[in-house]
>>> print(open('final-v7.tsv').read())   # TSV, C-alpha atoms and all ligand atoms
chain	number	residue	atom	x	y	z
A	885	MET	CA	-9.03	11.64	2.70
A	886	ARG	CA	-8.00	15.16	1.66
A	887	GLN	CA	-6.86	16.58	4.96
A	888	LYS	CA	-3.60	18.54	5.25
A	889	THR	CA	-1.80	16.06	7.50
A	890	ILE	CA	-1.93	12.30	7.12
A	891	THR	CA	-0.81	9.26	9.07
A	892	ALA	CA	1.62	6.60	7.84
A	893	ASP	CA	-1.28	4.17	7.29
A	894	GLU	CA	-3.28	6.72	5.32
A	895	MET	CA	-0.23	7.43	3.19
A	896	LYS	CA	0.04	3.71	2.40
A	897	ALA	CA	-3.62	3.71	1.36
A	898	VAL	CA	-3.04	6.68	-0.96
A	899	ASP	CA	0.00	4.90	-2.44
A	900	LYS	CA	-2.13	1.85	-3.15
A	901	ASN	CA	-4.88	3.93	-4.75
A	902	ALA	CA	-2.26	5.73	-6.85
A	903	SER	CA	-0.88	2.41	-8.01
A	904	ASP	CA	-4.38	1.17	-8.90
A	905	ILE	CA	-4.93	4.15	-11.19
A	906	GLY	CA	-1.59	3.75	-12.93
A	907	MET	CA	1.04	5.59	-10.88
A	908	THR	CA	3.44	2.76	-10.17
A	909	PRO	CA	5.49	2.37	-6.97
A	910	LEU	CA	8.60	2.64	-9.16
A	911	GLN	CA	7.48	6.07	-10.38
A	912	LEU	CA	6.72	7.19	-6.83
A	913	MET	CA	10.12	6.00	-5.64
A	914	GLU	CA	11.83	7.83	-8.49
A	915	ASN	CA	10.09	11.06	-7.53
A	916	ALA	CA	10.75	10.55	-3.83
A	917	GLY	CA	14.46	9.89	-4.43
A	918	HIS	CA	14.70	12.91	-6.72
A	919	ALA	CA	13.18	15.03	-3.95
A	920	VAL	CA	15.75	13.71	-1.46
A	921	ALA	CA	18.60	14.61	-3.84
A	922	ASP	CA	17.14	18.09	-4.20
A	923	ALA	CA	16.95	18.47	-0.43
A	924	VAL	CA	20.59	17.34	-0.07
A	925	LEU	CA	21.67	20.01	-2.54
A	926	LYS	CA	19.73	22.66	-0.62
A	927	LEU	CA	21.16	21.42	2.67
A	928	ASN	CA	24.74	21.80	1.61
A	929	LEU	CA	25.04	24.95	-0.41
A	930	GLU	CA	28.78	24.47	-0.46
A	931	PHE	CA	28.47	21.70	-3.01
A	932	ASN	CA	29.80	23.18	-6.16
A	933	PRO	CA	30.05	20.33	-8.59
A	934	GLU	CA	30.96	22.57	-11.48
A	935	LEU	CA	33.98	24.14	-9.81
A	936	ASN	CA	35.06	21.20	-7.72
A	937	PRO	CA	33.24	17.91	-8.19
A	938	GLU	CA	35.48	16.20	-5.62
A	939	SER	CA	34.73	18.72	-2.88
A	940	SER	CA	32.00	16.77	-1.17
A	941	LEU	CA	30.89	13.27	-0.50
A	942	VAL	CA	27.47	12.09	0.61
A	943	LEU	CA	27.07	8.96	2.72
A	944	PHE	CA	23.80	7.09	2.41
A	945	PHE	CA	22.67	4.52	4.99
A	946	ALA	CA	20.08	2.26	3.39
A	947	GLY	CA	17.84	-0.42	4.83
A	948	HIS	CA	15.98	-3.16	2.97
A	949	GLY	CA	12.64	-1.42	2.62
A	950	ASN	CA	11.53	1.33	0.26
A	951	ASN	CA	13.08	3.97	2.48
A	952	GLY	CA	16.41	2.50	1.38
A	953	GLY	CA	15.12	2.47	-2.20
A	954	ASP	CA	14.55	6.22	-2.01
A	955	ALA	CA	18.18	6.54	-0.90
A	956	PHE	CA	19.40	4.58	-3.94
A	957	VAL	CA	17.48	6.85	-6.30
A	958	ALA	CA	18.77	9.98	-4.52
A	959	ALA	CA	22.40	8.83	-4.92
A	960	ARG	CA	21.81	8.38	-8.66
A	961	HIS	CA	20.34	11.87	-8.99
A	962	LEU	CA	23.27	13.38	-7.09
A	963	ALA	CA	25.67	11.59	-9.44
A	964	ASP	CA	23.78	13.29	-12.24
A	965	LYS	CA	24.94	16.55	-10.66
A	966	ASN	CA	28.51	15.27	-10.44
A	967	ILE	CA	28.35	14.60	-6.70
A	968	ARG	CA	29.94	11.45	-5.38
A	969	SER	CA	28.13	9.18	-2.95
A	970	VAL	CA	28.91	6.18	-0.85
A	971	VAL	CA	26.02	3.85	-0.06
A	972	PHE	CA	26.11	1.58	2.98
A	973	LEU	CA	23.45	-1.06	2.48
A	974	LEU	CA	22.87	-2.65	5.88
A	975	GLY	CA	23.04	-6.37	5.19
A	976	ASN	CA	23.04	-8.38	2.03
A	977	SER	CA	21.36	-7.09	-1.13
A	978	CYS	CA	19.41	-10.34	-1.47
A	979	ARG	CA	17.36	-9.13	1.50
A	980	ILE	CA	16.03	-6.07	-0.36
A	981	LYS	CA	12.29	-6.40	-0.02
A	982	THR	CA	10.58	-4.82	-3.02
A	983	GLU	CA	11.07	-5.01	-6.75
A	984	GLU	CA	11.33	-1.22	-7.14
A	985	SER	CA	14.04	-1.05	-4.53
A	986	GLN	CA	15.91	-3.96	-6.13
A	987	ILE	CA	15.78	-2.23	-9.53
A	988	ASN	CA	17.20	0.95	-8.07
A	989	PHE	CA	19.89	-0.94	-6.19
A	990	ARG	CA	21.04	-2.56	-9.43
A	991	LEU	CA	21.14	0.84	-11.13
A	992	LEU	CA	23.67	2.08	-8.56
A	993	LYS	CA	26.27	-0.14	-10.16
A	994	GLN	CA	25.85	1.66	-13.48
A	995	THR	CA	27.28	4.91	-12.12
A	996	SER	CA	30.99	5.36	-11.39
A	997	LEU	CA	30.37	8.21	-8.92
A	998	ILE	CA	28.57	5.86	-6.55
A	999	THR	CA	30.35	3.30	-4.40
A	1000	VAL	CA	28.29	0.61	-2.70
A	1001	PHE	CA	29.15	-1.41	0.39
A	1002	GLU	CA	27.00	-4.26	1.56
A	1003	ILE	CA	27.72	-4.11	5.26
A	1004	GLN	CA	27.42	-7.49	6.92
A	1005	SER	CA	28.25	-6.90	10.56
A	1006	GLU	CA	28.64	-4.24	13.21
A	1007	SER	CA	32.43	-4.56	13.13
A	1008	GLU	CA	32.46	-4.16	9.36
A	1009	LEU	CA	30.25	-1.09	9.73
A	1010	SER	CA	32.71	0.69	12.00
A	1011	GLU	CA	35.78	-0.46	10.04
A	1012	THR	CA	34.38	0.70	6.74
A	1013	PHE	CA	33.14	3.94	8.19
A	1014	ASN	CA	36.46	4.67	9.89
A	1015	SER	CA	38.33	4.11	6.66
A	1016	PHE	CA	36.54	7.19	5.37
A	1017	ASP	CA	36.37	9.08	8.61
A	1018	SER	CA	40.08	9.30	9.30
A	1019	ASN	CA	41.47	9.35	5.79
A	1020	GLY	CA	38.90	11.12	3.70
A	1021	ALA	CA	37.71	9.03	0.77
A	1022	ASP	CA	40.12	6.18	1.40
A	1023	GLY	CA	37.48	3.50	1.28
A	1024	ILE	CA	36.92	4.01	-2.42
A	1025	ASP	CA	38.84	1.82	-4.80
A	1026	LYS	CA	38.21	3.12	-8.26
A	1027	THR	CA	40.97	1.45	-10.25
A	1028	ASP	CA	38.62	-0.89	-12.05
A	1029	GLY	CA	35.71	1.52	-12.44
A	1030	THR	CA	33.35	-0.81	-10.56
A	1031	ASN	CA	31.70	-0.68	-7.20
A	1032	ARG	CA	32.69	-3.26	-4.66
A	1033	THR	CA	29.77	-5.06	-3.14
A	1034	ASP	CA	31.49	-8.33	-2.42
A	1035	GLY	CA	32.40	-7.83	1.20
A	1036	THR	CA	36.15	-8.08	0.55
A	1037	ASN	CA	39.15	-5.80	0.88
A	1038	ARG	CA	37.26	-2.59	1.41
A	1039	THR	CA	39.04	-0.85	4.19
A	1040	ASP	CA	42.68	-0.85	3.16
A	1041	GLY	CA	42.77	2.49	1.35
A	1042	THR	CA	45.14	1.13	-1.29
A	1043	ASN	CA	45.00	1.10	-5.09
A	1044	ARG	CA	43.63	4.57	-5.48
A	1045	THR	CA	44.61	6.20	-8.75
A	1046	ASP	CA	42.69	9.45	-8.38
A	1047	GLY	CA	44.33	10.99	-5.33
A	1048	ALA	CA	40.96	11.31	-3.60
A	1049	GLY	CA	42.46	10.47	-0.20
A	1050	SER	CA	45.13	13.13	-0.38
A	1051	SER	CA	42.51	15.87	-0.62
A	1052	ASN	CA	41.15	14.65	2.72
A	1053	VAL	CA	37.61	14.57	1.46
A	1054	GLY	CA	35.16	13.64	4.21
A	1055	PHE	CA	31.42	13.16	4.28
A	1056	SER	CA	29.67	16.48	4.41
A	1057	VAL	CA	26.18	14.95	4.46
A	1058	ILE	CA	24.77	11.71	5.85
A	1059	VAL	CA	21.41	10.60	4.48
A	1060	ASP	CA	19.40	8.26	6.67
A	1061	GLY	CA	17.36	5.74	4.66
A	1062	ILE	CA	17.47	2.94	7.23
A	1063	PHE	CA	13.81	2.77	8.26
A	1064	GLY	CA	10.78	4.59	6.94
A	1065	THR	CA	7.10	4.23	7.64
A	1066	GLY	CA	7.35	0.42	7.60
A	1067	PHE	CA	9.28	0.43	10.88
A	1068	SER	CA	7.83	-1.04	14.04
A	1069	GLY	CA	9.17	-2.24	17.37
A	1070	GLU	CA	12.75	-1.29	18.11
A	1071	PRO	CA	15.98	-1.18	16.11
A	1072	LYS	CA	18.40	-4.02	16.80
A	1073	GLY	CA	21.81	-5.27	15.63
A	1074	LEU	CA	23.27	-3.61	12.57
A	1075	GLU	CA	20.49	-1.05	12.18
A	1076	LYS	CA	20.79	0.00	15.81
A	1077	ALA	CA	24.57	0.28	15.43
A	1078	ALA	CA	24.13	2.43	12.32
A	1079	ILE	CA	21.72	4.75	14.14
A	1080	HIS	CA	24.22	5.17	16.99
A	1081	LEU	CA	27.04	5.73	14.55
A	1082	ILE	CA	25.15	8.54	12.81
A	1083	ARG	CA	24.36	10.13	16.16
A	1084	SER	CA	27.89	9.99	17.50
A	1085	GLU	CA	29.38	11.27	14.24
A	1086	LYS	CA	27.01	14.23	14.30
A	1087	GLN	CA	27.95	14.95	17.87
A	1088	ALA	CA	31.65	14.84	17.02
A	1089	ARG	CA	31.26	16.96	13.87
A	1090	PRO	CA	28.64	19.69	14.24
A	1091	ASP	CA	29.35	20.81	10.63
A	1092	LEU	CA	28.08	17.45	9.35
A	1093	LYS	CA	24.51	17.58	8.04
A	1094	VAL	CA	22.16	14.67	8.66
A	1095	LEU	CA	19.06	14.31	6.53
A	1096	SER	CA	16.41	11.69	7.24
A	1097	ILE	CA	14.19	10.27	4.55
A	1098	ASP	CA	10.51	10.42	5.56
A	1099	ILE	CA	11.14	9.87	9.29
A	1100	PRO	CA	14.24	9.71	11.48
A	1101	SER	CA	15.09	6.01	11.62
A	1102	GLY	CA	14.11	4.46	14.93
A	1103	MET	CA	11.29	6.95	15.56
A	1104	PRO	CA	7.92	5.18	15.80
A	1105	VAL	CA	5.32	6.17	13.19
A	1106	THR	CA	2.88	6.69	16.05
A	1107	GLY	CA	4.95	9.70	17.06
A	1108	ALA	CA	5.78	8.05	20.40
A	1109	ALA	CA	9.23	8.40	21.93
A	1110	PRO	CA	11.82	6.00	20.46
A	1111	ILE	CA	12.66	3.00	22.62
A	1112	ASP	CA	15.85	3.80	24.59
A	1113	GLY	CA	16.02	7.04	22.61
A	1114	ALA	CA	17.53	5.02	19.74
A	1115	ALA	CA	16.61	7.16	16.75
A	1116	VAL	CA	18.58	9.28	14.32
A	1117	ILE	CA	18.78	12.96	15.21
A	1118	ALA	CA	18.48	14.79	11.91
A	1119	ASP	CA	19.08	18.36	10.83
A	1120	SER	CA	16.21	17.93	8.44
A	1121	THR	CA	13.67	15.39	7.30
A	1122	VAL	CA	12.18	15.10	3.84
A	1123	THR	CA	8.70	13.67	3.73
A	1124	PHE	CA	6.49	13.08	0.73
A	1125	HIS	CA	3.16	14.26	-0.59
A	1126	LYS	CA	1.79	15.74	2.64
A	1127	MET	CA	2.85	16.59	6.17
A	1128	LYS	CA	2.72	13.48	8.37
A	1129	THR	CA	1.04	13.45	11.76
A	1130	PHE	CA	4.11	11.84	13.33
A	1131	LEU	CA	6.24	14.78	12.19
A	1132	GLU	CA	4.12	17.22	14.19
A	1133	THR	CA	4.73	15.56	17.54
A	1134	GLU	CA	7.03	16.43	20.43
A	1135	THR	CA	9.21	13.48	19.45
A	1136	ALA	CA	9.65	14.89	15.98
A	1137	ALA	CA	10.65	18.24	17.45
A	1138	GLU	CA	13.50	16.39	19.14
A	1139	PHE	CA	14.60	14.13	16.28
A	1140	ALA	CA	13.41	15.33	12.87
A	1141	GLY	CA	14.89	18.83	12.61
A	1142	GLU	CA	13.41	21.01	9.89
A	1143	VAL	CA	10.73	19.16	7.93
A	1144	PHE	CA	10.33	19.57	4.17
A	1145	VAL	CA	7.31	18.21	2.34
A	1146	TYR	CA	7.88	17.34	-1.31
A	1147	PRO	CA	5.19	16.41	-3.82
A	1148	ILE	CA	5.88	13.11	-5.58
A	1149	GLY	CA	3.27	13.26	-8.32
A	1150	ILE	CA	0.38	11.43	-6.61
A	1151	PRO	CA	-2.67	12.02	-8.83
A	1152	GLU	CA	-5.50	13.94	-7.14
A	1153	ASN	CA	-8.00	11.14	-7.66
A	1154	ALA	CA	-5.91	8.73	-5.57
A	1155	GLU	CA	-7.13	10.72	-2.59
A	1156	LYS	CA	-10.40	12.08	-3.84
A	1157	TYR	CA	-12.04	8.69	-4.36
A	1158	VAL	CA	-12.10	5.66	-2.15
A	1159	GLY	CA	-10.07	2.81	-3.63
A	1160	THR	CA	-8.60	-0.52	-2.62
A	1161	GLY	CA	-6.11	1.38	-0.43
A	1162	GLU	CA	-8.88	2.13	2.05
A	1163	LEU	CA	-9.32	-1.60	2.65
A	1164	SER	CA	-6.02	-1.59	4.51
A	1165	LEU	CA	-7.42	1.04	6.87
A	1166	LEU	CA	-10.33	-1.09	7.95
A	1167	TYR	CA	-10.28	-2.62	11.36
A	1168	LYS	CA	-8.99	-6.18	11.02
A	1169	ARG	CA	-11.09	-8.81	12.77
A	1170	LYS	CA	-9.45	-11.80	14.38
A	1171	SER	CA	-10.17	-15.07	12.58
A	1172	ASP	CA	-11.65	-16.52	15.79
A	1173	SER	CA	-13.66	-13.46	16.80
A	1174	LYS	CA	-17.18	-13.99	18.13
A	1175	LYS	CA	-20.32	-11.89	18.29
A	1176	GLY	CA	-19.61	-8.66	20.14
A	1177	ASP	CA	-15.78	-8.98	20.03
A	1178	SER	CA	-15.46	-6.36	17.31
A	1179	GLY	CA	-17.82	-3.81	18.80
A	1180	ARG	CA	-21.57	-3.12	18.75
A	1181	VAL	CA	-23.66	-1.17	16.29
A	1182	LEU	CA	-26.75	0.79	17.23
A	1183	VAL	CA	-29.29	0.72	14.42
A	1184	ILE	CA	-31.91	3.45	14.62
A	1185	ALA	CA	-34.51	2.75	11.95
A	1186	GLY	CA	-38.19	2.31	11.46
A	1187	GLY	CA	-41.08	3.43	9.34
A	1188	PRO	CA	-42.39	1.33	6.50
A	1189	TYR	CA	-38.92	0.05	5.42
A	1190	SER	CA	-38.07	-2.24	8.30
A	1191	GLY	CA	-36.55	-5.10	6.26
A	1192	ALA	CA	-33.04	-3.67	5.84
A	1193	PRO	CA	-32.60	-2.59	9.48
A	1194	GLY	CA	-33.96	-5.96	10.53
A	1195	LEU	CA	-31.38	-7.79	8.43
A	1196	ALA	CA	-28.60	-5.52	9.73
A	1197	GLY	CA	-29.24	-6.93	13.17
B	1	LIG	N1	4.09	7.84	-0.95
B	1	LIG	C1	5.12	7.70	-0.19
B	1	LIG	O1	5.18	8.24	0.90
B	1	LIG	C2	6.21	6.88	-0.68
B	1	LIG	C3	7.12	6.39	0.21
B	1	LIG	N2	8.18	5.67	-0.13
B	1	LIG	C4	9.15	5.29	0.85
B	1	LIG	O2	8.79	4.03	1.33
B	1	LIG	C5	8.95	4.00	2.74
B	1	LIG	C6	8.16	2.90	3.33
B	1	LIG	O3	8.67	1.74	2.78
B	1	LIG	P1	8.47	0.30	3.45
B	1	LIG	O4	9.18	-0.66	2.58
B	1	LIG	O5	7.02	0.09	3.68
B	1	LIG	O6	9.11	0.47	4.87
B	1	LIG	P2	10.61	0.74	5.35
B	1	LIG	O7	11.48	1.29	4.31
B	1	LIG	O8	10.46	1.47	6.61
B	1	LIG	O9	11.15	-0.72	5.58
B	1	LIG	C7	11.16	-1.26	6.78
B	1	LIG	C8	11.66	-2.70	6.60
B	1	LIG	O10	12.25	-3.05	7.79
B	1	LIG	C9	11.49	-4.08	8.41
B	1	LIG	N3	11.39	-3.70	9.82
B	1	LIG	C10	10.38	-3.05	10.42
B	1	LIG	N4	10.66	-2.87	11.71
B	1	LIG	C11	11.88	-3.43	11.94
B	1	LIG	C12	12.72	-3.57	13.07
B	1	LIG	N5	12.36	-3.10	14.29
B	1	LIG	N6	13.90	-4.19	12.93
B	1	LIG	C13	14.29	-4.69	11.73
B	1	LIG	N7	13.54	-4.59	10.60
B	1	LIG	C14	12.35	-3.98	10.72
B	1	LIG	C15	10.17	-4.16	7.71
B	1	LIG	O11	9.75	-5.50	7.68
B	1	LIG	C16	10.51	-3.60	6.33
B	1	LIG	O12	10.95	-4.63	5.50
B	1	LIG	C17	8.54	5.39	3.14
B	1	LIG	O13	8.99	5.71	4.43
B	1	LIG	C18	9.20	6.21	2.05
B	1	LIG	O14	10.54	6.49	2.36
B	1	LIG	C19	8.29	5.25	-1.56
B	1	LIG	O15	9.53	5.02	-1.99
B	1	LIG	C20	7.68	6.31	-2.45
B	1	LIG	C21	6.29	6.57	-2.12
B	2	K	K	14.67	7.25	7.52
>>> encode(input="final-v7.tsv", output="structure tokens")
Amino acid sequence: MRQKTITADEMKAVDKNASDIGMTPLQLMENAGHAVADAVLKLNLEFNPELNPESSLVLFFAGHGNNGGDAFVAARHLADKNIRSVVFLLGNSCRIKTEESQINFRLLKQTSLITVFEIQSESELSETFNSFDSNGADGIDKTDGTNRTDGTNRTDGTNRTDGAGSSNVGFSVIVDGIFGTGFSGEPKGLEKAAIHLIRSEKQARPDLKVLSIDIPSGMPVTGAAPIDGAAVIADSTVTFHKMKTFLETETAAEFAGEVFVYPIGIPENAEKYVGTGELSLLYKRKSDSKKGDSGRVLVIAGGPYSGAPGLAG
């Protein structure tokens, strides 16, 4: 499996092989998130944390899969460069699916430059977003040095001690970590609302940069057109390890923007040798399948060694 472009399923198989030989999912997520932070910095060359650390704010939309986990890591790496981020986790943190994503979510609370909101409903999404949109960084309450993830009192713009609102700081970059390669079907509810919000904000503010992690959320990994066109339209997309087949489609040309491929430290042997990852690529038979349901095999054999071909039948 050493071709230049790979599918989402093949990427999962490589991930599994990498894990089997000692490259943990946590390490891969760390490298992926670091790559996203790097891409954000390249996207917005106006960030100048040394001269003016308050000049820019990045808004992350995160879902409950590892795509959201990459977003958490990226926010932490941006904080390392003195750049403030706001993270909108769509739904409750108890729904975060994987251990590596949970670990990185918890780490967000250890950094004062990151503010986290666990968004519970569509109305809360627009209220919280508008508290930033119209008044700069008004949604951030930093008096107690902690991040508010409790679902209370987050849109009033009061109790600021740092004057962030008066500088009218807005989001200069939105990072889309809602859905990655684990997405299927169609976006609904809060996720769908978030996708529409990102799209309408981009339309209203052409200067705003939108960066998608791995794939624009809502775009099918088959490369097919999104249902009802409900996918993020990004200025750029950061994908990992290798170019993905779905990012070379006509749909991607419409939604993904410029595509950057970042290495994330997958060891060569994870792809060179077949491992347990390949098992996931095998055709899955139905538990009630009968003879012939899963296809037919033509055995061409003969000569003195007829036992094996005979048994194959
Ligand atoms: N080697 C790599 O490429 C690495 C990739 N990483 C990142 O991981 C994601 C894939 O993560 P995964 O958890 O498998 O999938 P998602 O983040 O897309 O999570 C989807 C989440 O949502 C559920 N879901 C699916 N469809 C729907 C739907 N229509 N509505 C609601 N919910 C839905 C699904 O059940 C999942 O729970 C990859 O894209 C990269 O960003 C690693 O971090 C590093 C290695
Ligand atoms: K995404």
>>> closest_residue(input="final-v7.tsv", among="A:Gly1066, A:Gly1176, A:Gly917, A:Pro909", to="His948 of chain A", atoms="all atoms listed in the file")
A:Gly1066
>>> atom_distance(input="final-v7.tsv", atom1="atom O15 of ligand LIG 1 (chain B)", atom2="atom CA of Ser903 of chain A")
12.3 Å
>>> residues_around(input="final-v7.tsv", residues="segment 977-993 of chain A", least_positions_apart="6", cutoff="6 Å", atoms="all atoms listed in the file", output="list in words")
Leu910, His948, Gly949, Asn950, Gly953 and Phe956 of chain A
>>> residues_near_point(input="final-v7.tsv", point="(12.0, 7.1, -2.6)", cutoff="9 Å", atoms="all atoms listed in the file", output="list in words")
Leu910, Leu912, Met913, Glu914, Asn915, Ala916, Gly917, His918, Ala919, Val920, Asn950, Asn951, Gly952, Gly953, Asp954, Ala955, Phe956, Val957, Ala958, Ser985, Ile1097, Asp1098 and Phe1124 of chain A
>>> axis_aligned_box(input="final-v7.tsv", around="ligand LIG 1 (chain B)", padding_each_side="4 Å", output="AutoDock Vina command-line options")
--center_x 9.2 --center_y 1.4 --center_z 5.9 --size_x 18.2 --size_y 21.7 --size_z 24.7
>>> atom_distance(input="final-v7.tsv", atom1="atom CA of Thr1065 of chain A", atom2="atom O8 of ligand LIG 1 (chain B)")
4.5 Å
>>> residues_near_point(input="final-v7.tsv", point="(0.8, 8.8, -12.0)", cutoff="7 Å", atoms="only C-alpha atoms", output="PyMOL selection string")
chain A and resi 902+906-908+1149-1151
>>> closest_residue(input="final-v7.tsv", among="A:Ser1068, A:Ser1120, A:Thr1106, A:Ser1101", to="ligand K 2 (chain B)", atoms="all atoms listed in the file")
A:Ser1101
>>> closest_residue(input="final-v7.tsv", among="A:Thr889, A:Thr1012, A:Ser1096, A:Gln1087", to="ligand K 2 (chain B)", atoms="all atoms listed in the file")
A:Ser1096
